[in-house]
Amino acid sequence: MALEKYSRLDGRKSSNYCSTISTVVFVAFCLVGIWMLMSSIIPVENSDLPANENANVVKEIVTGNVFRHFKDSSNETSEDLTKRDSYPSKSQDDQSTIVKELGNTAEENQEEMITSEENHQERHAESTTEEEAKSEDKAKMRDEKDGVGKLEDGKDNSGDRSSSAEAVEIQPVSKNYEWTGSEESLDKLKTDMDDNTKKLKTEESSDGIKKQPEVVSQTEDKTSKENKEKYEKQSFGEINEEIHEMNQVSDVPAGSGSEILNEATTGSGSWSTQVVESQNEKESLQTSISKGQSDFAWKVCNATAGSDYIPCLDNWLAIRKLPSTKHYEHRERHCPYEAPTCLVAVPVGYRTPIKWPKSREKIWYYNVPHTKLAEVKGHQNWVKVTGEYLTFPGGGTQFKNGALPYIEFIQKALPCIAWGKRSRVILDVGCGVASFGGYLFEKDVLTMSFAPKDEHEAQVQFALERGIPALLGVMGTKRLPFPSSVFDVVHCARCRVPWHIEGGKLLLELNRVLRPGGYFVWSATPVYRKLPEDVGIWKAMSELTKSMCWDLVVIRKDKLNGVAAAIYRKPTSNECYNRRSQNEPPLCKDSDDSNAAWNVPLQACMHKVPVNASEQGAHWPELWPLRLEKPPYWLKSQVGVYGRDAHQDFTADYQHWKNVVSQSYMNDIGIDWSSIRNVMDMRSVYGGFAGALKDFKVWVMNVVPVESPDTLQIIYDRGLSGIYHDWCESFNTYPRSYDLLHADHLFSNLKKRCNIVAVIAEVDRILRPKGKLIIRDNVETISQIQSMVKSLHWKIRFIYSKDNEGVLCVEKTLWRPSETETITAAIL
């Protein structure tokens with residue numbers, strides 16, 4: 001149509017022209033509506049299978065609302081918001097899944113699925129006028145989208161978040177699933193799904209936007225005759241049950257709580273890092289970052305420790321070169337120059353761990369097949385062998401009649417210790433099998449238990465298998481990997497640490513990490529025995545603690561267990577230090593940062609007690625559980641990690657993770673939380689993720705990477721626990737320690753300084769079979785990690801991306817490669 005001939009000289013169009021335009025616009029919008037109803041197929045590239053493979057098409061129906069209102073649930077102003085993405089919402093009345101995919105891995109027998117094809121021709125047969133209308137409509141949608149919120153690039157787009165609809169990009173979930181039904185069942189299921197498609201085309205969401213069914217295409221191999229025979233033996237009810245179970249793990253998260261918090265880059269501001277703080281830090285591992293980045297030829301590690309291999313503690317090449325071991329240097333970290341990229345073997349007979357709280361009393365023997373402690377400490381009720389189980393009566397060297405009565409004894413000896421109120425975060429030195437910490441959970445107390453990998457075979461491994469927080473560590477030549485003034489109580493029940501020697505260097509390290517006004521509980525033989533050695537140790541300890549200005553609050557006898565405990569209190573001011581006639585032990589220099597903990601040598605000195613109200617440690621935190629939600633008092637004058645006011649930063653971070661956990665992680669990403677006990681947040685900032693899990697029967701190890709802003713004191717002040725770590729090295733734990741690993745924008749940073757293949761091998765090492773890994777990162781990193789875990793034969797439980805940000809949830813399997821790689825440094 002030549003529009004120019006209808007134009008007047010004055011630039012105005014005639015009334016006929018206006019009528020024609022109105023008609024065209026009306027017809028165009030009608031055609032767009034028809035197109036939206038008929039467009040129900042989204043082609044998805046399947047990277048798992050060859051492009052030229054002849055196979056069936058798996059039809060999948062998307063029943064959720066692809067559009068949602070983009071509304072910030074925390075009521076933050078656009079000035080304070082960091083860019084957040086939201087998943088599509090899903091109403092309670094319509095609990096259908098958004099994206100479901102039935103598929104098998106290339107390693108499994110790929111079997112025939114439902115064959116269904118939708119007619120695409122109408123969508124491609126639209127006239128040129130319709131295409132122009134579509135372009136106008138898309139431009140309109142982009143204009144609407146541009147008005148939503150304040151985006152990451154800094155553009156302040158005004159608009160009401162509560163009323164703006166935004167389309168989202170949905171990635172398919174690639175799942176491992178083996179079809180076990182009959183071919184008749186397949187036909188019936190196909191018919192049901194076709195009926196659902198017709199029904200969906202007439203449904204409308206609560207906001208008036210029509211629900212558009214989407215179909216994900218997946219090619220599959222034909223099944224073998226053997227599998228077909230297997231299909232015919234199963235009922236259609238069993239098929240439906242399996243499909244329902246599979247569907248439970250592939251829903252797309254719903255609601256604003258599942259927003260992607262795009263805070264990958266933390267600001268420096270006034271926040272230092274352990275890399276900067278730590279003095280005399282050893283030279284960083286300069287392994288070739290690019291080496292092996294795309295090489296996924298996995299092998300099993302051949303090391304003396306076998307299925308218990310810990311790279312930084314089993315480096316016998318380095319240990320044999322140590323000039324001395326009198327300070328337990330051989331129990332400290334000695335990481336290999338190049339982090340291993342092999343996989344640790346799984347013990348023969350390994351089973352899914354017993355769930356908490358039953359796991360506190362018993363575990364599977366073959367998961368930790370060690371009996372030495374049962375033989376040596378059986379009479380003290382540490383651990384016993386009972387058939388196919390290892391059982392834990394709850395005893396210890398100083399409380400063989402049970403940890404719980406011993407805990408009650410301490411409370412009666414010092415009521416103001418107030419388990420679970422004033423005293424929330426505890427450090428247990430020389431923990432054994434960690435029964436003390438395991439039973440403190442009943443008092444709402446979180447215990448960081450640690451012990452070395454020594455002749456007490458697998459004590460920390462027992463603790464972790466039981467579902468109790470524990471860490472491999474030793475009081476040796478370096479500071480503990482914790483900040484200063486963070487533990488409410490430090491406990492040592494005959495922990496075999498010579499506190500009094502060498503100027504009290506080891507006890508002074510406890511003084512560093514103990515909160516001013518906190519307690520040291522010591523129930524060792526020198527407290528109550530009168531043998532010459534015990535008397536001598538008691539005298540030395542009395543002199544040392546007095547010179548450290550610790551008050552001996554109480555000594556009380558435990559009649560049940562026949563032991564006694566001495567309880568000391570750290571001062572809350574520097575008055576006693578200033579009154580001492582001799583500066584012994586000496587006060588540390590002002591230049592000595594008390595928070596520097598990563599690879600920092602121990603020093604026989606004391607740091608002054610913080611007294612300024614703006615300093616951490618000057619006041620006791622709020623009582624638990626109020627301290628979890630209230631920002632620490634000393635954050636008042638600081639700028640937060642993300643550049644906002646520290647209080648706003650803290651509150652927004654906590655609200656974000658509560659939303660993500662409650663509206664996404666708890667329901668939609670394929671995790672059975674009843675099977676989750678040991679959790680690690682691999683890159684924790686304020687501890688918001690751990691705080692959001694407070695009401696669940698889990699514990700969280702918050703890891704603050706050494707190159708990240710040092711926020712670990714905040715985490716402890718909230719009543720949570722954590723540790724410093726460099727993820728370019730191995731973590732101090734046994735293989736198969738954790739049920740869930742959570743990594744928020746960690747791997748994109750690690751790629752710049754580590755061999756990411758070695759990091760994934762470490763993730764595989766510490767994660768239990770059937771354990772889950774949740775990654776939130778940019779799309780490029782998500783894609784790279786997805787390729788790696790697929791090569792490990794892990795199951796993709798959930799994947800989602802939008803605006804270059806993504807979420808990936810995967811599940812580790814029992815798969816191990818057939819080839820081995822000998823780790824020369826780990827051969828004893």
# chains A, B, ... in the order shown; residues from 1 in each chain; ligands from 1
call {"tool": "residues_around", "arguments": {"residues": "Glu575 in chain A", "least_positions_apart": "2", "cutoff": "12 Å", "atoms": "only C-alpha atoms", "output": "ChimeraX atom specification"}}
result
/A:548-549,571-573,577-580,608-611
call {"tool": "write_last_selection", "arguments": {"atoms": "N, CA, C and O atoms", "output": "compact mmCIF listing (two decimals), in the first residue's frame"}}
result
# COMPACT_ATOMS: atom_id res chain seq x y z
N MET A 548 47.52 -13.43 82.75
CA MET A 548 46.68 -13.05 81.61
C MET A 548 45.44 -12.31 82.04
O MET A 548 44.61 -11.93 81.20
N CYS A 549 45.30 -12.12 83.36
CA CYS A 549 44.15 -11.41 83.93
C CYS A 549 42.84 -12.18 83.78
O CYS A 549 41.76 -11.58 83.78
N PRO A 571 38.91 -10.88 80.82
CA PRO A 571 38.51 -9.53 81.25
C PRO A 571 37.80 -8.75 80.15
O PRO A 571 37.95 -9.04 78.96
N THR A 572 37.06 -7.73 80.58
CA THR A 572 36.33 -6.88 79.64
C THR A 572 36.94 -5.49 79.53
O THR A 572 36.38 -4.62 78.86
N SER A 573 38.06 -5.27 80.20
CA SER A 573 38.75 -3.99 80.11
C SER A 573 40.26 -4.22 80.18
O SER A 573 40.71 -5.36 80.39
N TYR A 577 45.56 -5.33 82.85
CA TYR A 577 46.80 -5.35 82.08
C TYR A 577 47.73 -4.21 82.52
O TYR A 577 48.94 -4.37 82.65
N ASN A 578 47.13 -3.03 82.76
CA ASN A 578 47.92 -1.86 83.11
C ASN A 578 48.46 -1.93 84.53
O ASN A 578 49.45 -1.25 84.85
N ARG A 579 47.83 -2.73 85.39
CA ARG A 579 48.26 -2.83 86.79
C ARG A 579 49.34 -3.89 87.00
O ARG A 579 49.91 -3.97 88.09
N ARG A 580 49.62 -4.68 86.01
CA ARG A 580 50.59 -5.76 86.20
C ARG A 580 51.98 -5.20 86.50
O ARG A 580 52.42 -4.24 85.85
N LYS A 608 45.15 -6.04 73.32
CA LYS A 608 44.33 -5.27 74.24
C LYS A 608 42.85 -5.55 74.00
O LYS A 608 42.42 -5.86 72.89
N VAL A 609 42.10 -5.41 75.08
CA VAL A 609 40.65 -5.59 74.97
C VAL A 609 40.04 -4.37 74.31
O VAL A 609 40.35 -3.23 74.71
N PRO A 610 39.20 -4.52 73.30
CA PRO A 610 38.56 -3.35 72.67
C PRO A 610 37.60 -2.68 73.65
O PRO A 610 36.77 -3.36 74.28
N VAL A 611 37.70 -1.39 73.80
CA VAL A 611 36.85 -0.67 74.74
C VAL A 611 36.02 0.41 74.06
O VAL A 611 35.02 0.89 74.62
call {"tool": "residues_around", "arguments": {"residues": "Val429 in chain A", "least_positions_apart": "4", "cutoff": "10 Å", "atoms": "only C-alpha atoms", "output": "ChimeraX atom specification"}}
result
/A:434,448-452,473-475,490-497,510
call {"tool": "write_last_selection", "arguments": {"atoms": "all heavy atoms", "output": "compact mmCIF listing (two decimals), in the first residue's frame"}}
result
# COMPACT_ATOMS: atom_id res chain seq x y z
N ALA A 434 33.11 -35.55 69.10
CA ALA A 434 32.25 -34.36 69.15
C ALA A 434 30.89 -34.60 69.78
O ALA A 434 29.93 -33.91 69.45
CB ALA A 434 32.10 -33.76 67.75
N MET A 448 31.79 -25.25 67.34
CA MET A 448 32.83 -25.51 66.35
C MET A 448 33.83 -26.45 67.00
O MET A 448 34.62 -26.05 67.85
CB MET A 448 33.51 -24.21 65.93
CG MET A 448 34.66 -24.41 64.95
SD MET A 448 34.13 -24.85 63.30
CE MET A 448 33.61 -23.24 62.68
N SER A 449 33.76 -27.73 66.63
CA SER A 449 34.64 -28.74 67.22
C SER A 449 35.81 -29.01 66.29
O SER A 449 35.64 -29.09 65.07
CB SER A 449 33.86 -30.05 67.44
OG SER A 449 32.74 -29.84 68.27
N PHE A 450 37.01 -29.13 66.86
CA PHE A 450 38.15 -29.45 66.01
C PHE A 450 39.14 -30.33 66.75
O PHE A 450 39.25 -30.32 67.98
CB PHE A 450 38.82 -28.18 65.47
CG PHE A 450 39.76 -27.49 66.41
CD1 PHE A 450 41.13 -27.75 66.38
CD2 PHE A 450 39.29 -26.57 67.33
CE1 PHE A 450 42.01 -27.10 67.23
CE2 PHE A 450 40.15 -25.91 68.19
CZ PHE A 450 41.52 -26.18 68.13
N ALA A 451 39.82 -31.14 65.97
CA ALA A 451 40.84 -32.06 66.46
C ALA A 451 41.75 -32.40 65.29
O ALA A 451 41.36 -32.26 64.13
CB ALA A 451 40.20 -33.33 67.04
N PRO A 452 42.97 -32.84 65.57
CA PRO A 452 43.90 -33.15 64.47
C PRO A 452 43.63 -34.52 63.86
O PRO A 452 42.93 -35.36 64.44
CB PRO A 452 45.27 -33.12 65.16
CG PRO A 452 44.97 -33.51 66.57
CD PRO A 452 43.62 -32.94 66.89
N GLY A 473 42.04 -29.76 62.65
CA GLY A 473 42.93 -28.67 63.00
C GLY A 473 43.76 -29.05 64.20
O GLY A 473 43.50 -30.03 64.90
N VAL A 474 44.79 -28.24 64.47
CA VAL A 474 45.70 -28.54 65.57
C VAL A 474 46.22 -27.23 66.15
O VAL A 474 46.37 -26.23 65.43
CB VAL A 474 46.88 -29.43 65.08
CG1 VAL A 474 47.73 -28.70 64.07
CG2 VAL A 474 47.72 -29.94 66.23
N MET A 475 46.47 -27.24 67.45
CA MET A 475 47.14 -26.12 68.10
C MET A 475 48.63 -26.35 67.89
O MET A 475 49.27 -27.09 68.64
CB MET A 475 46.79 -26.07 69.58
CG MET A 475 45.32 -25.90 69.88
SD MET A 475 44.66 -24.27 69.45
CE MET A 475 45.51 -23.23 70.62
N VAL A 490 35.07 -21.25 75.26
CA VAL A 490 36.03 -22.22 74.74
C VAL A 490 36.09 -23.38 75.73
O VAL A 490 36.20 -23.15 76.95
CB VAL A 490 37.43 -21.60 74.55
CG1 VAL A 490 38.41 -22.67 74.08
CG2 VAL A 490 37.37 -20.45 73.56
N HIS A 491 36.01 -24.60 75.21
CA HIS A 491 35.92 -25.79 76.07
C HIS A 491 37.07 -26.74 75.77
O HIS A 491 37.42 -26.96 74.60
CB HIS A 491 34.58 -26.49 75.84
CG HIS A 491 34.44 -27.80 76.56
ND1 HIS A 491 34.59 -29.02 75.92
CD2 HIS A 491 34.19 -28.07 77.86
CE1 HIS A 491 34.41 -29.99 76.80
NE2 HIS A 491 34.17 -29.46 77.98
N CYS A 492 37.65 -27.29 76.82
CA CYS A 492 38.69 -28.29 76.68
C CYS A 492 38.51 -29.34 77.76
O CYS A 492 38.73 -29.07 78.94
CB CYS A 492 40.08 -27.66 76.78
SG CYS A 492 41.43 -28.84 77.07
N ALA A 493 38.06 -30.52 77.38
CA ALA A 493 37.90 -31.62 78.33
C ALA A 493 39.04 -32.61 78.11
O ALA A 493 38.95 -33.50 77.26
CB ALA A 493 36.54 -32.31 78.14
N ARG A 494 40.12 -32.43 78.82
CA ARG A 494 41.29 -33.30 78.70
C ARG A 494 41.74 -33.38 77.24
O ARG A 494 41.89 -34.47 76.66
CB ARG A 494 40.97 -34.68 79.25
CG ARG A 494 42.20 -35.47 79.67
CD ARG A 494 41.78 -36.73 80.40
NE ARG A 494 42.92 -37.53 80.79
CZ ARG A 494 42.81 -38.68 81.47
NH1 ARG A 494 41.61 -39.13 81.82
NH2 ARG A 494 43.88 -39.37 81.78
N CYS A 495 41.94 -32.22 76.66
CA CYS A 495 42.23 -32.13 75.23
C CYS A 495 43.69 -32.35 74.90
O CYS A 495 44.08 -32.20 73.73
CB CYS A 495 41.77 -30.78 74.68
SG CYS A 495 42.42 -29.35 75.57
N ARG A 496 44.51 -32.66 75.88
CA ARG A 496 45.91 -33.03 75.66
C ARG A 496 46.73 -31.90 75.04
O ARG A 496 47.70 -32.14 74.33
CB ARG A 496 46.00 -34.28 74.77
CG ARG A 496 45.31 -35.51 75.33
CD ARG A 496 45.29 -36.63 74.32
NE ARG A 496 46.66 -37.03 73.98
CZ ARG A 496 46.97 -37.80 72.94
NH1 ARG A 496 46.01 -38.23 72.12
NH2 ARG A 496 48.22 -38.14 72.69
N VAL A 497 46.36 -30.67 75.32
CA VAL A 497 47.12 -29.53 74.83
C VAL A 497 47.94 -28.97 76.00
O VAL A 497 47.38 -28.62 77.04
CB VAL A 497 46.20 -28.43 74.27
CG1 VAL A 497 47.02 -27.22 73.83
CG2 VAL A 497 45.37 -28.97 73.10
N LEU A 510 43.99 -19.01 72.41
CA LEU A 510 42.58 -19.08 72.83
C LEU A 510 42.11 -17.73 73.34
O LEU A 510 40.96 -17.34 73.12
CB LEU A 510 42.41 -20.14 73.93
CG LEU A 510 42.63 -21.60 73.53
CD1 LEU A 510 42.17 -22.52 74.66
CD2 LEU A 510 41.91 -21.96 72.24
call {"tool": "closest_residue", "arguments": {"among": "A:His742, A:Lys299, A:His793, A:Lys355", "to": "Ala690 in chain A", "atoms": "only C-alpha atoms"}}
result
A:His742
call {"tool": "select_by_dssp", "arguments": {"residues": "range 284-424 of chain A", "states": "strand (DSSP E or B)", "output": "VMD selection string"}}
result
chain A and resid 300 to 302 343 362 to 364 384 to 386 389 to 391 419 423
call {"tool": "select_by_dssp", "arguments": {"residues": "range 368-501 of chain A", "states": "alpha helix (DSSP H)", "output": "ChimeraX atom specification"}}
result
/A:372-377,403-413,435-440,459-466
call {"tool": "closest_atom_pairs", "arguments": {"of": "range 398-512 of chain A", "to": "range 762-783 of chain A", "cutoff": "12 Å", "atoms": "only C-alpha atoms", "output": "JSON lines"}}
result
{"residue": "A:Gln461", "atom": "CA", "partner": "A:Ile766", "partner_atom": "CA", "distance": 11.4}
{"residue": "A:Leu464", "atom": "CA", "partner": "A:Ile766", "partner_atom": "CA", "distance": 10.9}
{"residue": "A:Glu465", "atom": "CA", "partner": "A:Arg768", "partner_atom": "CA", "distance": 9.9}
call {"tool": "write_last_selection", "arguments": {"atoms": "N, CA, C and O atoms", "output": "short mmCIF file (atom, residue, chain, number, x, y, z; two decimals), in the first residue's frame"}}
result
data_model
loop_
_atom_site.label_atom_id
_atom_site.label_comp_id
_atom_site.auth_asym_id
_atom_site.auth_seq_id
_atom_site.Cartn_x
_atom_site.Cartn_y
_atom_site.Cartn_z
N GLN A 461 36.07 -37.46 61.39
CA GLN A 461 35.25 -38.09 60.36
C GLN A 461 33.99 -38.70 60.97
O GLN A 461 32.90 -38.61 60.39
N LEU A 464 31.53 -35.77 61.68
CA LEU A 464 30.85 -35.27 60.48
C LEU A 464 29.83 -36.27 59.96
O LEU A 464 28.74 -35.89 59.51
N GLU A 465 30.17 -37.55 59.99
CA GLU A 465 29.21 -38.56 59.54
C GLU A 465 27.98 -38.58 60.44
O GLU A 465 26.88 -38.88 59.99
#
call {"tool": "closest_residue", "arguments": {"among": "A:Gly691, A:Gly467, A:Pro586, A:Pro415", "to": "Ser359 in chain A", "atoms": "only C-alpha atoms"}}
result
A:Gly467
call {"tool": "closest_atom_pairs", "arguments": {"of": "range 507-609 of chain A", "to": "range 617-623 of chain A", "cutoff": "12 Å", "atoms": "only C-alpha atoms", "output": "CSV"}}
result
residue,atom,partner,partner_atom,distance
A:Arg512,CA,A:Gly617,CA,11.1
A:Val513,CA,A:Gly617,CA,10.5
A:Leu514,CA,A:Gly617,CA,9.6
A:Arg515,CA,A:Gly617,CA,6.4
A:Pro516,CA,A:Gly617,CA,6.4
A:Gly517,CA,A:Trp620,CA,7.7
A:Gly518,CA,A:Trp620,CA,9.0
A:Lys570,CA,A:Gly617,CA,11.8
A:Pro571,CA,A:Ala618,CA,10.9
A:Thr572,CA,A:Ala618,CA,7.5
A:Ser573,CA,A:Ala618,CA,8.6
A:Asn574,CA,A:Ala618,CA,11.2
A:Ser594,CA,A:Gly617,CA,11.7
A:Asn595,CA,A:Gly617,CA,11.8
A:His607,CA,A:Gly617,CA,12.0
A:Lys608,CA,A:Gly617,CA,10.8
A:Val609,CA,A:Ala618,CA,7.4
call {"tool": "write_last_selection", "arguments": {"atoms": "N, CA, C and O atoms", "output": "mmCIF file, in the first residue's frame"}}
result
data_model
loop_
_atom_site.group_PDB
_atom_site.id
_atom_site.type_symbol
_atom_site.label_atom_id
_atom_site.label_comp_id
_atom_site.auth_asym_id
_atom_site.auth_seq_id
_atom_site.Cartn_x
_atom_site.Cartn_y
_atom_site.Cartn_z
ATOM 1 N N ARG A 512 42.993 -14.919 72.207
ATOM 2 C CA ARG A 512 42.723 -14.093 71.021
ATOM 3 C C ARG A 512 41.327 -14.324 70.477
ATOM 4 O O ARG A 512 40.616 -13.365 70.142
ATOM 5 N N VAL A 513 40.907 -15.576 70.390
ATOM 6 C CA VAL A 513 39.611 -15.881 69.763
ATOM 7 C C VAL A 513 38.453 -15.825 70.744
ATOM 8 O O VAL A 513 37.290 -15.810 70.340
ATOM 9 N N LEU A 514 38.735 -15.803 72.058
ATOM 10 C CA LEU A 514 37.681 -15.753 73.068
ATOM 11 C C LEU A 514 37.163 -14.330 73.215
ATOM 12 O O LEU A 514 37.928 -13.369 73.283
ATOM 13 N N ARG A 515 35.859 -14.200 73.273
ATOM 14 C CA ARG A 515 35.221 -12.889 73.401
ATOM 15 C C ARG A 515 35.491 -12.295 74.794
ATOM 16 O O ARG A 515 35.457 -13.034 75.788
ATOM 17 N N PRO A 516 35.780 -10.997 74.902
ATOM 18 C CA PRO A 516 35.917 -10.388 76.231
ATOM 19 C C PRO A 516 34.670 -10.659 77.076
ATOM 20 O O PRO A 516 33.545 -10.424 76.632
ATOM 21 N N GLY A 517 34.886 -11.171 78.274
ATOM 22 C CA GLY A 517 33.774 -11.585 79.114
ATOM 23 C C GLY A 517 33.361 -13.021 78.889
ATOM 24 O O GLY A 517 32.469 -13.539 79.566
ATOM 25 N N GLY A 518 34.013 -13.705 77.936
ATOM 26 C CA GLY A 518 33.716 -15.103 77.653
ATOM 27 C C GLY A 518 34.428 -16.038 78.618
ATOM 28 O O GLY A 518 35.331 -15.641 79.371
ATOM 29 N N LYS A 570 37.559 -14.210 80.746
ATOM 30 C CA LYS A 570 38.437 -13.206 80.142
ATOM 31 C C LYS A 570 37.974 -11.808 80.536
ATOM 32 O O LYS A 570 36.773 -11.543 80.583
ATOM 33 N N PRO A 571 38.912 -10.879 80.816
ATOM 34 C CA PRO A 571 38.510 -9.526 81.248
ATOM 35 C C PRO A 571 37.804 -8.753 80.146
ATOM 36 O O PRO A 571 37.949 -9.043 78.958
ATOM 37 N N THR A 572 37.065 -7.732 80.580
ATOM 38 C CA THR A 572 36.331 -6.880 79.637
ATOM 39 C C THR A 572 36.940 -5.488 79.530
ATOM 40 O O THR A 572 36.376 -4.615 78.857
ATOM 41 N N SER A 573 38.060 -5.274 80.200
ATOM 42 C CA SER A 573 38.745 -3.987 80.115
ATOM 43 C C SER A 573 40.256 -4.222 80.183
ATOM 44 O O SER A 573 40.713 -5.356 80.387
ATOM 45 N N ASN A 574 41.020 -3.150 80.045
ATOM 46 C CA ASN A 574 42.481 -3.241 80.071
ATOM 47 C C ASN A 574 43.078 -2.834 81.414
ATOM 48 O O ASN A 574 44.299 -2.711 81.544
ATOM 49 N N SER A 594 44.886 -8.347 65.273
ATOM 50 C CA SER A 594 44.370 -9.529 65.975
ATOM 51 C C SER A 594 43.471 -10.385 65.096
ATOM 52 O O SER A 594 43.254 -11.566 65.385
ATOM 53 N N ASN A 595 42.935 -9.805 64.009
ATOM 54 C CA ASN A 595 42.060 -10.565 63.114
ATOM 55 C C ASN A 595 42.819 -11.309 62.024
ATOM 56 O O ASN A 595 42.233 -12.125 61.312
ATOM 57 N N HIS A 607 46.527 -9.288 72.908
ATOM 58 C CA HIS A 607 45.987 -8.066 72.329
ATOM 59 C C HIS A 607 45.121 -7.347 73.360
ATOM 60 O O HIS A 607 44.463 -7.980 74.181
ATOM 61 N N LYS A 608 45.146 -6.045 73.318
ATOM 62 C CA LYS A 608 44.327 -5.270 74.241
ATOM 63 C C LYS A 608 42.849 -5.554 74.003
ATOM 64 O O LYS A 608 42.420 -5.864 72.891
ATOM 65 N N VAL A 609 42.095 -5.410 75.077
ATOM 66 C CA VAL A 609 40.650 -5.594 74.969
ATOM 67 C C VAL A 609 40.040 -4.366 74.314
ATOM 68 O O VAL A 609 40.349 -3.228 74.711
#
call {"tool": "atom_distance", "arguments": {"atom1": "CA of Val535 in chain A", "atom2": "CA of Leu373 in chain A"}}
result
29.1 Å
call {"tool": "residues_around", "arguments": {"residues": "range 300-304 of chain A", "least_positions_apart": "4", "cutoff": "10 Å", "atoms": "only C-alpha atoms", "output": "list in words"}}
result
Asp308, Tyr309, Ile310, Pro311, Asp314, Asn315, Trp316, Pro340, Thr341, Cys342, Leu343, Val344, Ala345, Val346, Arg816, Pro817, Ser818, Glu819, Thr820, Glu821, Thr822, Ile823, Thr824, Ala825, Ala826, Ile827 and Leu828 of chain A
call {"tool": "write_last_selection", "arguments": {"atoms": "N, CA and C atoms", "output": "tab-separated table (two decimals), in the first residue's frame"}}
result
chain	number	residue	atom	x	y	z
A	308	ASP	N	40.05	-41.75	52.19
A	308	ASP	CA	40.08	-40.69	53.20
A	308	ASP	C	41.09	-39.60	52.86
A	309	TYR	N	41.51	-39.52	51.62
A	309	TYR	CA	42.59	-38.63	51.19
A	309	TYR	C	42.22	-37.16	51.38
A	310	ILE	N	43.10	-36.42	52.08
A	310	ILE	CA	42.97	-34.98	52.28
A	310	ILE	C	44.25	-34.33	51.78
A	311	PRO	N	44.24	-33.69	50.63
A	311	PRO	CA	45.48	-33.24	49.97
A	311	PRO	C	46.42	-32.42	50.85
A	314	ASP	N	47.73	-34.82	53.87
A	314	ASP	CA	48.37	-36.09	53.51
A	314	ASP	C	49.50	-35.87	52.53
A	315	ASN	N	50.14	-34.71	52.59
A	315	ASN	CA	51.27	-34.40	51.72
A	315	ASN	C	52.55	-34.91	52.38
A	316	TRP	N	52.79	-36.20	52.25
A	316	TRP	CA	53.92	-36.82	52.94
A	316	TRP	C	55.26	-36.36	52.39
A	340	PRO	N	45.42	-31.17	43.34
A	340	PRO	CA	45.08	-32.36	42.55
A	340	PRO	C	43.76	-32.19	41.82
A	341	THR	N	43.67	-32.82	40.66
A	341	THR	CA	42.44	-32.80	39.87
A	341	THR	C	41.81	-34.18	39.77
A	342	CYS	N	42.31	-35.12	40.55
A	342	CYS	CA	41.74	-36.47	40.55
A	342	CYS	C	40.60	-36.56	41.56
A	343	LEU	N	39.86	-37.65	41.50
A	343	LEU	CA	38.71	-37.86	42.36
A	343	LEU	C	39.03	-38.91	43.42
A	344	VAL	N	38.56	-38.68	44.63
A	344	VAL	CA	38.81	-39.60	45.74
A	344	VAL	C	37.83	-40.78	45.65
A	345	ALA	N	38.34	-41.96	45.89
A	345	ALA	CA	37.52	-43.17	45.81
A	345	ALA	C	36.44	-43.16	46.90
A	346	VAL	N	35.40	-43.93	46.66
A	346	VAL	CA	34.32	-44.11	47.62
A	346	VAL	C	34.50	-45.46	48.30
A	816	ARG	N	32.55	-43.25	39.61
A	816	ARG	CA	34.00	-43.05	39.68
A	816	ARG	C	34.61	-43.56	38.38
A	817	PRO	N	35.64	-42.88	37.86
A	817	PRO	CA	36.30	-43.34	36.63
A	817	PRO	C	37.08	-44.62	36.88
A	818	SER	N	37.42	-45.30	35.81
A	818	SER	CA	38.15	-46.57	35.93
A	818	SER	C	39.65	-46.38	36.04
A	819	GLU	N	40.18	-45.28	35.49
A	819	GLU	CA	41.62	-45.05	35.53
A	819	GLU	C	42.03	-44.39	36.84
A	820	THR	N	43.29	-44.58	37.22
A	820	THR	CA	43.82	-44.00	38.46
A	820	THR	C	44.99	-43.08	38.16
A	821	GLU	N	45.24	-42.19	39.09
A	821	GLU	CA	46.38	-41.27	39.01
A	821	GLU	C	47.13	-41.32	40.33
A	822	THR	N	48.37	-41.71	40.30
A	822	THR	CA	49.16	-41.81	41.52
A	822	THR	C	49.63	-40.43	41.96
A	823	ILE	N	49.31	-40.08	43.20
A	823	ILE	CA	49.74	-38.81	43.78
A	823	ILE	C	51.02	-39.11	44.56
A	824	THR	N	52.14	-38.86	43.94
A	824	THR	CA	53.44	-39.21	44.52
A	824	THR	C	53.63	-38.60	45.90
A	825	ALA	N	53.21	-37.36	46.06
A	825	ALA	CA	53.39	-36.67	47.34
A	825	ALA	C	52.55	-37.27	48.45
A	826	ALA	N	51.52	-38.03	48.08
A	826	ALA	CA	50.61	-38.59	49.08
A	826	ALA	C	50.87	-40.06	49.36
A	827	ILE	N	51.98	-40.58	48.90
A	827	ILE	CA	52.33	-41.98	49.17
A	827	ILE	C	53.27	-42.02	50.37
A	828	LEU	N	52.86	-42.71	51.40
A	828	LEU	CA	53.63	-42.79	52.64
A	828	LEU	C	54.81	-43.74	52.50
call {"tool": "atom_distance", "arguments": {"atom1": "CA of Ser684 in chain A", "atom2": "CA of Ile714 in chain A"}}
result
10.7 Å
call {"tool": "atom_distance", "arguments": {"atom1": "CA of Leu792 in chain A", "atom2": "CA of Ala297 in chain A"}}
result
9.5 Å
